[in-house]
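Text of run_6.pdb (PDB, C-alpha atoms, pLDDT in the B column) as supplied:
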MODEL        1
ATOM      1  CA  MET L   1     -24.662  17.772  -5.468  1.00 65.00           C
ATOM      2  CA  LYS L   2     -24.167  14.581  -7.459  1.00 66.00           C
ATOM      3  CA  ASN L   3     -25.244  16.406 -10.614  1.00 69.00           C
ATOM      4  CA  ALA L   4     -22.650  19.129 -10.026  1.00 68.00           C
ATOM      5  CA  ILE L   5     -19.861  16.555  -9.606  1.00 72.00           C
ATOM      6  CA  LEU L   6     -21.020  14.615 -12.671  1.00 65.00           C
ATOM      7  CA  PHE L   7     -21.207  17.831 -14.704  1.00 65.00           C
ATOM      8  CA  THR L   8     -17.665  18.792 -13.582  1.00 72.00           C
ATOM      9  CA  VAL L   9     -16.271  15.366 -14.484  1.00 65.00           C
ATOM     10  CA  ILE L  10     -17.916  15.486 -17.923  1.00 72.00           C
ATOM     11  CA  ALA L  11     -16.621  19.022 -18.511  1.00 66.00           C
ATOM     12  CA  ILE L  12     -13.065  17.991 -17.581  1.00 73.00           C
ATOM     13  CA  CYS L  13     -13.211  14.918 -19.836  1.00 63.00           C
ATOM     14  CA  LEU L  14     -14.529  16.919 -22.784  1.00 63.00           C
ATOM     15  CA  SER L  15     -11.971  19.700 -22.370  1.00 67.00           C
ATOM     16  CA  THR L  16      -9.178  17.131 -22.124  1.00 64.00           C
ATOM     17  CA  PHE L  17     -10.423  15.318 -25.222  1.00 62.00           C
ATOM     18  CA  PHE L  18     -10.699  18.459 -27.344  1.00 62.00           C
ATOM     19  CA  SER L  19      -7.458  20.009 -26.098  1.00 61.00           C
ATOM     20  CA  CYS L  20      -5.328  17.061 -27.253  1.00 57.00           C
ATOM     21  CA  GLN L  21      -3.402  17.862 -30.368  1.00 57.00           C
ATOM     22  CA  LYS L  22      -2.419  15.160 -32.789  1.00 53.00           C
ATOM     23  CA  THR L  23       1.281  15.368 -33.540  1.00 53.00           C
ATOM     24  CA  GLU L  24       3.068  13.362 -36.152  1.00 56.00           C
ATOM     25  CA  ASN L  25       6.515  12.310 -35.103  1.00 62.00           C
ATOM     26  CA  THR L  26       7.919  10.497 -38.121  1.00 79.00           C
ATOM     27  CA  VAL L  27      11.299   8.844 -37.707  1.00 92.00           C
ATOM     28  CA  MET L  28      11.926   8.441 -41.444  1.00 93.00           C
ATOM     29  CA  THR L  29      12.996  11.012 -44.010  1.00 93.00           C
ATOM     30  CA  THR L  30      13.025  11.078 -47.780  1.00 95.00           C
ATOM     31  CA  ALA L  31      16.517  12.374 -48.531  1.00 96.00           C
ATOM     32  CA  THR L  32      17.723  13.628 -51.889  1.00 96.00           C
ATOM     33  CA  ILE L  33      21.496  13.695 -52.317  1.00 96.00           C
ATOM     34  CA  THR L  34      22.836  15.724 -55.233  1.00 95.00           C
ATOM     35  CA  ALA L  35      26.291  15.117 -56.690  1.00 94.00           C
ATOM     36  CA  LEU L  36      28.068  18.399 -57.484  1.00 94.00           C
ATOM     37  CA  TYR L  37      30.608  18.158 -60.292  1.00 92.00           C
ATOM     38  CA  PRO L  38      33.763  20.267 -60.524  1.00 89.00           C
ATOM     39  CA  SER L  39      33.429  23.563 -62.358  1.00 88.00           C
ATOM     40  CA  GLY L  40      33.449  23.222 -66.139  1.00 86.00           C
ATOM     41  CA  VAL L  41      32.703  19.488 -66.227  1.00 87.00           C
ATOM     42  CA  GLN L  42      30.025  18.532 -68.758  1.00 87.00           C
ATOM     43  CA  ALA L  43      28.678  15.345 -67.246  1.00 89.00           C
ATOM     44  CA  LYS L  44      26.829  12.826 -69.403  1.00 89.00           C
ATOM     45  CA  LYS L  45      26.137   9.943 -67.034  1.00 91.00           C
ATOM     46  CA  LEU L  46      26.963   9.072 -63.446  1.00 92.00           C
ATOM     47  CA  GLN L  47      27.186   5.392 -62.506  1.00 94.00           C
ATOM     48  CA  ALA L  48      28.017   5.287 -58.816  1.00 95.00           C
ATOM     49  CA  ASN L  49      27.243   3.629 -55.530  1.00 97.00           C
ATOM     50  CA  ILE L  50      26.380   5.805 -52.559  1.00 96.00           C
ATOM     51  CA  LYS L  51      26.736   4.588 -48.994  1.00 97.00           C
ATOM     52  CA  MET L  52      25.147   6.455 -46.111  1.00 96.00           C
ATOM     53  CA  THR L  53      26.030   5.493 -42.543  1.00 97.00           C
ATOM     54  CA  ASN L  54      24.010   6.769 -39.588  1.00 96.00           C
ATOM     55  CA  VAL L  55      26.569   8.175 -37.146  1.00 96.00           C
ATOM     56  CA  ASN L  56      24.597   7.132 -34.048  1.00 94.00           C
ATOM     57  CA  THR L  57      23.176   3.722 -34.984  1.00 94.00           C
ATOM     58  CA  LYS L  58      25.856   2.700 -37.538  1.00 96.00           C
ATOM     59  CA  GLN L  59      23.047   1.509 -39.834  1.00 95.00           C
ATOM     60  CA  THR L  60      24.012   1.783 -43.502  1.00 96.00           C
ATOM     61  CA  TYR L  61      21.945   2.490 -46.593  1.00 95.00           C
ATOM     62  CA  GLN L  62      23.312   1.874 -50.093  1.00 95.00           C
ATOM     63  CA  SER L  63      21.984   2.601 -53.557  1.00 95.00           C
ATOM     64  CA  SER L  64      23.102   3.201 -57.116  1.00 94.00           C
ATOM     65  CA  ASP L  65      19.802   4.498 -58.527  1.00 93.00           C
ATOM     66  CA  PHE L  66      21.034   7.905 -59.683  1.00 92.00           C
ATOM     67  CA  VAL L  67      18.771   9.984 -61.902  1.00 92.00           C
ATOM     68  CA  GLN L  68      21.101  12.441 -63.623  1.00 88.00           C
ATOM     69  CA  ASN L  69      23.173  13.654 -60.665  1.00 91.00           C
ATOM     70  CA  ALA L  70      20.738  12.973 -57.786  1.00 95.00           C
ATOM     71  CA  ILE L  71      19.547  10.022 -55.762  1.00 95.00           C
ATOM     72  CA  THR L  72      16.579   9.769 -53.394  1.00 96.00           C
ATOM     73  CA  LEU L  73      16.482   7.388 -50.440  1.00 94.00           C
ATOM     74  CA  THR L  74      14.102   6.777 -47.566  1.00 94.00           C
ATOM     75  CA  LEU L  75      16.057   6.433 -44.361  1.00 94.00           C
ATOM     76  CA  GLN L  76      15.930   7.073 -40.640  1.00 95.00           C
ATOM     77  CA  LYS L  77      16.314  10.715 -39.597  1.00 95.00           C
ATOM     78  CA  GLY L  78      19.707  11.509 -38.158  1.00 95.00           C
ATOM     79  CA  MET L  79      23.312  12.456 -38.866  1.00 97.00           C
ATOM     80  CA  TYR L  80      25.099  10.634 -41.688  1.00 97.00           C
ATOM     81  CA  ASP L  81      28.516  10.070 -43.176  1.00 97.00           C
ATOM     82  CA  ILE L  82      28.096   9.828 -46.957  1.00 97.00           C
ATOM     83  CA  SER L  83      30.533   8.277 -49.420  1.00 97.00           C
ATOM     84  CA  LEU L  84      30.295   7.829 -53.177  1.00 96.00           C
ATOM     85  CA  GLU L  85      32.416   5.889 -55.655  1.00 96.00           C
ATOM     86  CA  GLY L  86      31.782   5.310 -59.311  1.00 95.00           C
ATOM     87  CA  ILE L  87      32.315   6.226 -62.949  1.00 95.00           C
ATOM     88  CA  LEU L  88      31.402   9.510 -64.615  1.00 93.00           C
ATOM     89  CA  SER L  89      31.105   9.879 -68.386  1.00 92.00           C
ATOM     90  CA  ILE L  90      31.922  13.418 -69.493  1.00 89.00           C
ATOM     91  CA  THR L  91      32.147  15.370 -72.723  1.00 88.00           C
ATOM     92  CA  THR L  92      35.654  16.739 -73.259  1.00 84.00           C
ATOM     93  CA  GLU L  93      36.444  20.139 -74.765  1.00 84.00           C
ATOM     94  CA  ASP L  94      36.974  18.539 -78.193  1.00 86.00           C
ATOM     95  CA  GLY L  95      33.521  16.882 -78.034  1.00 86.00           C
ATOM     96  CA  LYS L  96      34.694  13.364 -77.264  1.00 89.00           C
ATOM     97  CA  THR L  97      33.419  11.187 -74.452  1.00 91.00           C
ATOM     98  CA  ALA L  98      35.748  10.246 -71.613  1.00 89.00           C
ATOM     99  CA  THR L  99      35.209   8.340 -68.401  1.00 92.00           C
ATOM    100  CA  HIS L 100      36.651   9.142 -65.005  1.00 92.00           C
ATOM    101  CA  THR L 101      36.603   7.369 -61.685  1.00 95.00           C
ATOM    102  CA  VAL L 102      34.896   9.654 -59.183  1.00 95.00           C
ATOM    103  CA  ARG L 103      34.693   9.831 -55.420  1.00 96.00           C
ATOM    104  CA  GLY L 104      32.932  11.974 -52.892  1.00 96.00           C
ATOM    105  CA  TYR L 105      32.677  12.126 -49.128  1.00 96.00           C
ATOM    106  CA  ALA L 106      30.825  14.215 -46.575  1.00 96.00           C
ATOM    107  CA  GLU L 107      30.611  13.635 -42.849  1.00 96.00           C
ATOM    108  CA  SER L 108      28.111  14.660 -40.201  1.00 95.00           C
ATOM    109  CA  VAL L 109      25.359  15.549 -42.687  1.00 96.00           C
ATOM    110  CA  ILE L 110      22.141  16.239 -40.769  1.00 96.00           C
ATOM    111  CA  LEU L 111      18.962  14.825 -42.331  1.00 95.00           C
ATOM    112  CA  ILE L 112      16.112  15.451 -39.890  1.00 93.00           C
ATOM    113  CA  GLU L 113      13.265  16.964 -41.901  1.00 93.00           C
ATOM    114  CA  ASN L 114      10.518  14.839 -43.488  1.00 93.00           C
ATOM    115  CA  GLN L 115      11.972  15.922 -46.862  1.00 93.00           C
ATOM    116  CA  SER L 116      15.743  16.406 -46.515  1.00 94.00           C
ATOM    117  CA  SER L 117      18.437  17.252 -49.019  1.00 95.00           C
ATOM    118  CA  ALA L 118      22.200  17.490 -49.130  1.00 95.00           C
ATOM    119  CA  SER L 119      24.900  17.929 -51.733  1.00 95.00           C
ATOM    120  CA  LEU L 120      28.119  16.019 -52.195  1.00 95.00           C
ATOM    121  CA  ASN L 121      31.180  17.447 -53.977  1.00 95.00           C
ATOM    122  CA  ILE L 122      32.563  14.982 -56.505  1.00 94.00           C
ATOM    123  CA  ILE L 123      36.279  14.594 -57.189  1.00 93.00           C
ATOM    124  CA  LEU L 124      37.486  13.302 -60.576  1.00 90.00           C
ATOM    125  CA  MET L 125      40.362  10.884 -60.069  1.00 88.00           C
ATOM    126  CA  ALA L 126      43.348  10.829 -62.442  1.00 74.00           C
ATOM    127  CA  GLN L 127      42.902   8.551 -65.459  1.00 67.00           C
TER     128      GLN L 127
ENDMDL
END
Translate the structure described by the file into structure tokens.
Amino acid sequence: MKNAILFTVIAICLSTFFSCQKTENTVMTTATITALYPSGVQAKKLQANIKMTNVNTKQTYQSSDFVQNAITLTLQKGMYDISLEGILSITTEDGKTATHTVRGYAESVILIENQSSASLNIILMAQ
């Protein structure tokens, strides 16, 4: 009888051990935010600061490390308000270089995947 109980206990322990599934619940995301320029704008260089505020925790992340028109940040998964301000160098129709102040804003952007992405429409301000 003792052997039957011992065998049952061992069987239950082994089945419990092998039935457990390892899940990875990461709270951080690598988010790539892409700046979208107005139609017809030939952008040369974007120098801007982006600020991302988590809607729930109010934690903010800031960076200015744009590569062409995109920036990648590691931040906590969640919903974000995103703002951008900076300077954009463009090529005009006559081939000259001009600079414009630019701004962008998006609210309630959801970034919950391990690799997330979003785009931000950029507005050229009057010179």
One residue among L:Leu75, L:Val109, L:Ala70, L:Leu46 is nearest to L:Leu124 when using all atoms listed in the file, and that residue is L:Leu46
Note to self: I'd like the neighbourhood of L:Leu88 as a list in words, where a residue qualifies if any of its atoms comes within 10 Å (using only C-alpha atoms), though same-chain residues fewer than 4 positions away should be ignored.
What the structure shows: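 Skipping anything fewer than 4 positions along the chain leaves Tyr37, Ala43, Lys44, Lys45, Leu46, Gln47, Ala48, Ala98, Thr99, His100, Thr101, Val102, Arg103, Ile122 and Leu124 of chain L.
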ask   = Which value, in Å to one decimal, gives the distance between atom CA of L:Thr91 and atom CA of L:Val41?
value =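 Those two atoms sit 7.7 Å apart.
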Expressed in Å, the length from atom CA of L:Pro38 to atom CA of L:Asn121 is 7.6 Å
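Once L:Gln59 and its same-chain neighbours fewer than 3 positions away are set aside, Lys51, Met52, Thr53, Asn54, Val55, Asn56, Gln62, Leu75, Gln76, Lys77, Gly78, Met79, Tyr80 and Asp81 of chain L remain within 12 Å of it when counting only C-alpha atoms.
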Atom CA of L:Ile33 to atom CA of L:Lys96 measures 28.2 Å
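Nearest-residue note for L:Ser64: choosing from L:Glu113, L:Glu107, L:Glu93, L:Glu85, the minimum distance belongs to L:Glu85, counting only C-alpha atoms.
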